[in-house]
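As structure tokens, the structure follows; a few thoughts come after it.
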Amino acid sequence: ACAPLTDAAVLARIPSSLPLYLFSGDQDPVNRHLDWFWPLATRYKAAGLLDVSLHVYGGGRHEMLNETNRAEVMAQLIAWCRRAAGLDA
């Protein structure tokens, strides 16, 4: 399922100006406790994406929008969206 993420031709089709926000909990079993998170971020940056933002939540698992710190996660996501849309310039 993740194989397309390693395909340089697929990554090359992503506009370099597209802002990207990756966030995860450090206890997420789906990405093997960040073992897959960092390489994914590195691939996006190596593909030439100019705005790759990362956030790791200590103690968080896979569904960060449903964790006990949901309000914090949502506030940071909204702040990132506002910045990416140029609303906080």
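Quick note on naming: the chains in the structure tokens go A, B, ... in the order shown, residues restart at 1 in each chain, and ligands are numbered from 1 in order of appearance.
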Subject >> 8 Å contact set for Ala41 in chain A, only C-alpha atoms, chain neighbours under 3 positions out, as a PyMOL selection string >> reply: chain A and resi 22+37-38+44-45+52+54
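Contact shell of range 58-67 of chain A at 7 Å (only C-alpha atoms; same-chain neighbours under 4 positions omitted): Ser24, Gly25, Asp26, Gln27, Asp28, Pro29, Val30, Val73 and Met74 of chain A.
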Take the residues from that selection and put them in a file with N, CA and C atoms, as a PDB file, in the first residue's frame.
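Writing the result to again_22.pdb gives the following:
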```
ATOM      1  N   SER A  24       1.766  13.058  13.647  1.00  0.00           N
ATOM      2  CA  SER A  24       1.579  11.704  14.145  1.00  0.00           C
ATOM      3  C   SER A  24       1.903  11.671  15.629  1.00  0.00           C
ATOM      4  N   GLY A  25       1.405  10.649  16.272  1.00  0.00           N
ATOM      5  CA  GLY A  25       1.820  10.389  17.645  1.00  0.00           C
ATOM      6  C   GLY A  25       3.051   9.496  17.632  1.00  0.00           C
ATOM      7  N   ASP A  26       3.891   9.666  18.618  1.00  0.00           N
ATOM      8  CA  ASP A  26       5.114   8.845  18.637  1.00  0.00           C
ATOM      9  C   ASP A  26       4.844   7.394  19.045  1.00  0.00           C
ATOM     10  N   GLN A  27       3.616   7.093  19.442  1.00  0.00           N
ATOM     11  CA  GLN A  27       3.245   5.724  19.791  1.00  0.00           C
ATOM     12  C   GLN A  27       2.323   5.103  18.743  1.00  0.00           C
ATOM     13  N   ASP A  28       2.318   5.654  17.543  1.00  0.00           N
ATOM     14  CA  ASP A  28       1.452   5.176  16.466  1.00  0.00           C
ATOM     15  C   ASP A  28       1.943   3.826  15.958  1.00  0.00           C
ATOM     16  N   PRO A  29       1.172   2.750  16.181  1.00  0.00           N
ATOM     17  CA  PRO A  29       1.612   1.440  15.704  1.00  0.00           C
ATOM     18  C   PRO A  29       1.534   1.303  14.184  1.00  0.00           C
ATOM     19  N   VAL A  30       0.707   2.119  13.528  1.00  0.00           N
ATOM     20  CA  VAL A  30       0.554   2.017  12.073  1.00  0.00           C
ATOM     21  C   VAL A  30       1.839   2.438  11.362  1.00  0.00           C
ATOM     22  N   VAL A  73      -4.336  19.401  19.179  1.00  0.00           N
ATOM     23  CA  VAL A  73      -4.057  18.931  17.819  1.00  0.00           C
ATOM     24  C   VAL A  73      -4.859  19.746  16.807  1.00  0.00           C
ATOM     25  N   MET A  74      -6.137  19.954  17.082  1.00  0.00           N
ATOM     26  CA  MET A  74      -6.989  20.733  16.179  1.00  0.00           C
ATOM     27  C   MET A  74      -6.510  22.180  16.079  1.00  0.00           C
TER      28      MET A  74
END
```
Original post:
Suppose you want the space between CA of Ser53 in chain A and CA of Tyr21 in chain A; what is it in Å?
Top reply: 4.7 Å
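Near Ala46 in chain A, within 12 Å and counting only C-alpha atoms, sit Thr6, Ala8, Leu11, Ala12, Ile14, Ser16, Pro39, Leu40, Ala41, Thr42, Arg43, Leu49, Leu50, Asp51 and Val52 of chain A; same-chain residues fewer than 3 positions away were not included.
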Next, dump the selected residues to file, keeping only N, CA and C atoms, as a short mmCIF file (atom, residue, chain, number, x, y, z; two decimals), in the first residue's frame.
```cif
data_model
loop_
_atom_site.label_atom_id
_atom_site.label_comp_id
_atom_site.auth_asym_id
_atom_site.auth_seq_id
_atom_site.Cartn_x
_atom_site.Cartn_y
_atom_site.Cartn_z
N THR A 6 7.31 5.54 -2.64
CA THR A 6 8.73 5.44 -2.94
C THR A 6 9.02 5.66 -4.42
N ALA A 8 9.65 7.61 -7.51
CA ALA A 8 10.08 8.98 -7.82
C ALA A 8 9.16 9.64 -8.83
N LEU A 11 6.13 10.91 -6.94
CA LEU A 11 6.49 12.08 -6.14
C LEU A 11 6.74 13.31 -7.01
N ALA A 12 7.25 13.10 -8.20
CA ALA A 12 7.55 14.22 -9.11
C ALA A 12 6.27 14.91 -9.58
N ILE A 14 3.81 15.75 -7.67
CA ILE A 14 3.30 16.62 -6.61
C ILE A 14 3.88 18.01 -6.84
N SER A 16 5.63 21.31 -6.32
CA SER A 16 6.61 21.66 -5.28
C SER A 16 6.10 22.74 -4.34
N PRO A 39 11.10 8.61 7.30
CA PRO A 39 11.45 8.37 5.89
C PRO A 39 10.45 8.99 4.91
N LEU A 40 9.17 8.98 5.28
CA LEU A 40 8.17 9.61 4.42
C LEU A 40 8.43 11.11 4.29
N ALA A 41 8.68 11.76 5.41
CA ALA A 41 8.98 13.19 5.39
C ALA A 41 10.22 13.47 4.56
N THR A 42 11.24 12.65 4.71
CA THR A 42 12.48 12.80 3.95
C THR A 42 12.22 12.66 2.45
N ARG A 43 11.39 11.68 2.07
CA ARG A 43 11.08 11.49 0.64
C ARG A 43 10.37 12.71 0.05
N LEU A 49 9.49 19.23 -2.49
CA LEU A 49 8.43 20.00 -1.86
C LEU A 49 9.05 21.06 -0.97
N LEU A 50 8.61 22.28 -1.12
CA LEU A 50 9.26 23.41 -0.47
C LEU A 50 8.73 23.70 0.93
N ASP A 51 7.53 23.22 1.25
CA ASP A 51 6.91 23.52 2.53
C ASP A 51 6.37 22.24 3.16
N VAL A 52 7.24 21.51 3.82
CA VAL A 52 6.85 20.28 4.52
C VAL A 52 6.98 20.55 6.01
#
```
**OP:** Please give the complete set of residues from chain A that DSSP, run on the backbone, assigns to strand (DSSP E or B), formatted as an NGL selection string.
**Re:** :A and (20-25 or 52-57)
Okay, now the selection with all heavy atoms, as a compact mmCIF listing (two decimals), in the first residue's frame?
```
# COMPACT_ATOMS: atom_id res chain seq x y z
N LEU A 20 2.53 20.88 2.81
CA LEU A 20 2.20 19.56 3.35
C LEU A 20 2.44 19.56 4.85
O LEU A 20 3.48 20.03 5.32
CB LEU A 20 3.07 18.51 2.67
CG LEU A 20 2.80 17.06 3.01
CD1 LEU A 20 1.43 16.64 2.53
CD2 LEU A 20 3.85 16.19 2.35
N TYR A 21 1.48 19.06 5.59
CA TYR A 21 1.58 18.99 7.05
C TYR A 21 1.43 17.54 7.45
O TYR A 21 0.38 16.92 7.25
CB TYR A 21 0.48 19.84 7.69
CG TYR A 21 0.47 19.86 9.20
CD1 TYR A 21 1.59 20.21 9.92
CD2 TYR A 21 -0.69 19.56 9.90
CE1 TYR A 21 1.57 20.25 11.30
CE2 TYR A 21 -0.72 19.60 11.29
CZ TYR A 21 0.41 19.95 11.98
OH TYR A 21 0.39 19.99 13.36
N LEU A 22 2.49 16.96 8.00
CA LEU A 22 2.47 15.59 8.48
C LEU A 22 2.49 15.63 10.00
O LEU A 22 3.34 16.30 10.59
CB LEU A 22 3.70 14.82 7.99
CG LEU A 22 3.91 14.73 6.49
CD1 LEU A 22 5.25 14.04 6.20
CD2 LEU A 22 2.78 14.00 5.83
N PHE A 23 1.56 14.91 10.62
CA PHE A 23 1.58 14.83 12.07
C PHE A 23 1.22 13.43 12.51
O PHE A 23 0.50 12.72 11.82
CB PHE A 23 0.69 15.90 12.72
CG PHE A 23 -0.79 15.80 12.40
CD1 PHE A 23 -1.66 15.20 13.30
CD2 PHE A 23 -1.29 16.33 11.24
CE1 PHE A 23 -3.01 15.12 13.03
CE2 PHE A 23 -2.64 16.26 10.95
CZ PHE A 23 -3.51 15.66 11.85
N SER A 24 1.77 13.06 13.65
CA SER A 24 1.58 11.70 14.15
C SER A 24 1.90 11.67 15.63
O SER A 24 2.61 12.54 16.14
CB SER A 24 2.53 10.75 13.41
OG SER A 24 2.38 9.43 13.89
N GLY A 25 1.41 10.65 16.27
CA GLY A 25 1.82 10.39 17.64
C GLY A 25 3.05 9.50 17.63
O GLY A 25 3.22 8.68 16.72
N VAL A 52 7.24 21.51 3.82
CA VAL A 52 6.85 20.28 4.52
C VAL A 52 6.98 20.55 6.01
O VAL A 52 8.07 20.76 6.52
CB VAL A 52 7.73 19.07 4.11
CG1 VAL A 52 7.31 17.82 4.86
CG2 VAL A 52 7.67 18.85 2.61
N SER A 53 5.84 20.59 6.68
CA SER A 53 5.81 20.83 8.13
C SER A 53 5.54 19.52 8.84
O SER A 53 4.73 18.71 8.39
CB SER A 53 4.71 21.84 8.48
OG SER A 53 4.91 23.06 7.82
N LEU A 54 6.22 19.34 9.96
CA LEU A 54 6.10 18.10 10.72
C LEU A 54 5.76 18.40 12.17
O LEU A 54 6.23 19.39 12.74
CB LEU A 54 7.42 17.33 10.69
CG LEU A 54 8.07 17.10 9.33
CD1 LEU A 54 9.46 16.53 9.50
CD2 LEU A 54 7.21 16.18 8.49
N HIS A 55 4.95 17.52 12.76
CA HIS A 55 4.69 17.63 14.20
C HIS A 55 4.48 16.23 14.75
O HIS A 55 3.69 15.46 14.21
CB HIS A 55 3.46 18.48 14.48
CG HIS A 55 3.36 18.88 15.91
ND1 HIS A 55 3.70 20.13 16.35
CD2 HIS A 55 3.04 18.18 17.02
CE1 HIS A 55 3.55 20.20 17.67
NE2 HIS A 55 3.15 19.01 18.08
N VAL A 56 5.20 15.92 15.81
CA VAL A 56 5.06 14.64 16.50
C VAL A 56 4.55 14.91 17.90
O VAL A 56 5.10 15.75 18.62
CB VAL A 56 6.41 13.88 16.55
CG1 VAL A 56 6.29 12.62 17.39
CG2 VAL A 56 6.88 13.54 15.13
N TYR A 57 3.49 14.21 18.27
CA TYR A 57 2.89 14.36 19.59
C TYR A 57 3.34 13.21 20.49
O TYR A 57 3.10 12.04 20.18
CB TYR A 57 1.35 14.35 19.48
CG TYR A 57 0.82 15.55 18.74
CD1 TYR A 57 0.61 15.52 17.37
CD2 TYR A 57 0.54 16.72 19.42
CE1 TYR A 57 0.14 16.62 16.69
CE2 TYR A 57 0.07 17.84 18.75
CZ TYR A 57 -0.13 17.78 17.39
OH TYR A 57 -0.60 18.89 16.73
```
**OP:** DSSP on the backbone, then: every residue of chain A marked alpha helix (DSSP H), written as a count of residues only.
**Re:** 30
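Coordinates place CA of Asp7 in chain A at a distance of 15.4 Å from CA of Trp36 in chain A.
When only C-alpha atoms are used to compute distances to Ala85 in chain A, the closest of the residues A:Leu18, A:Ala71, A:Leu34, A:Ala47 turns out to be A:Leu18.
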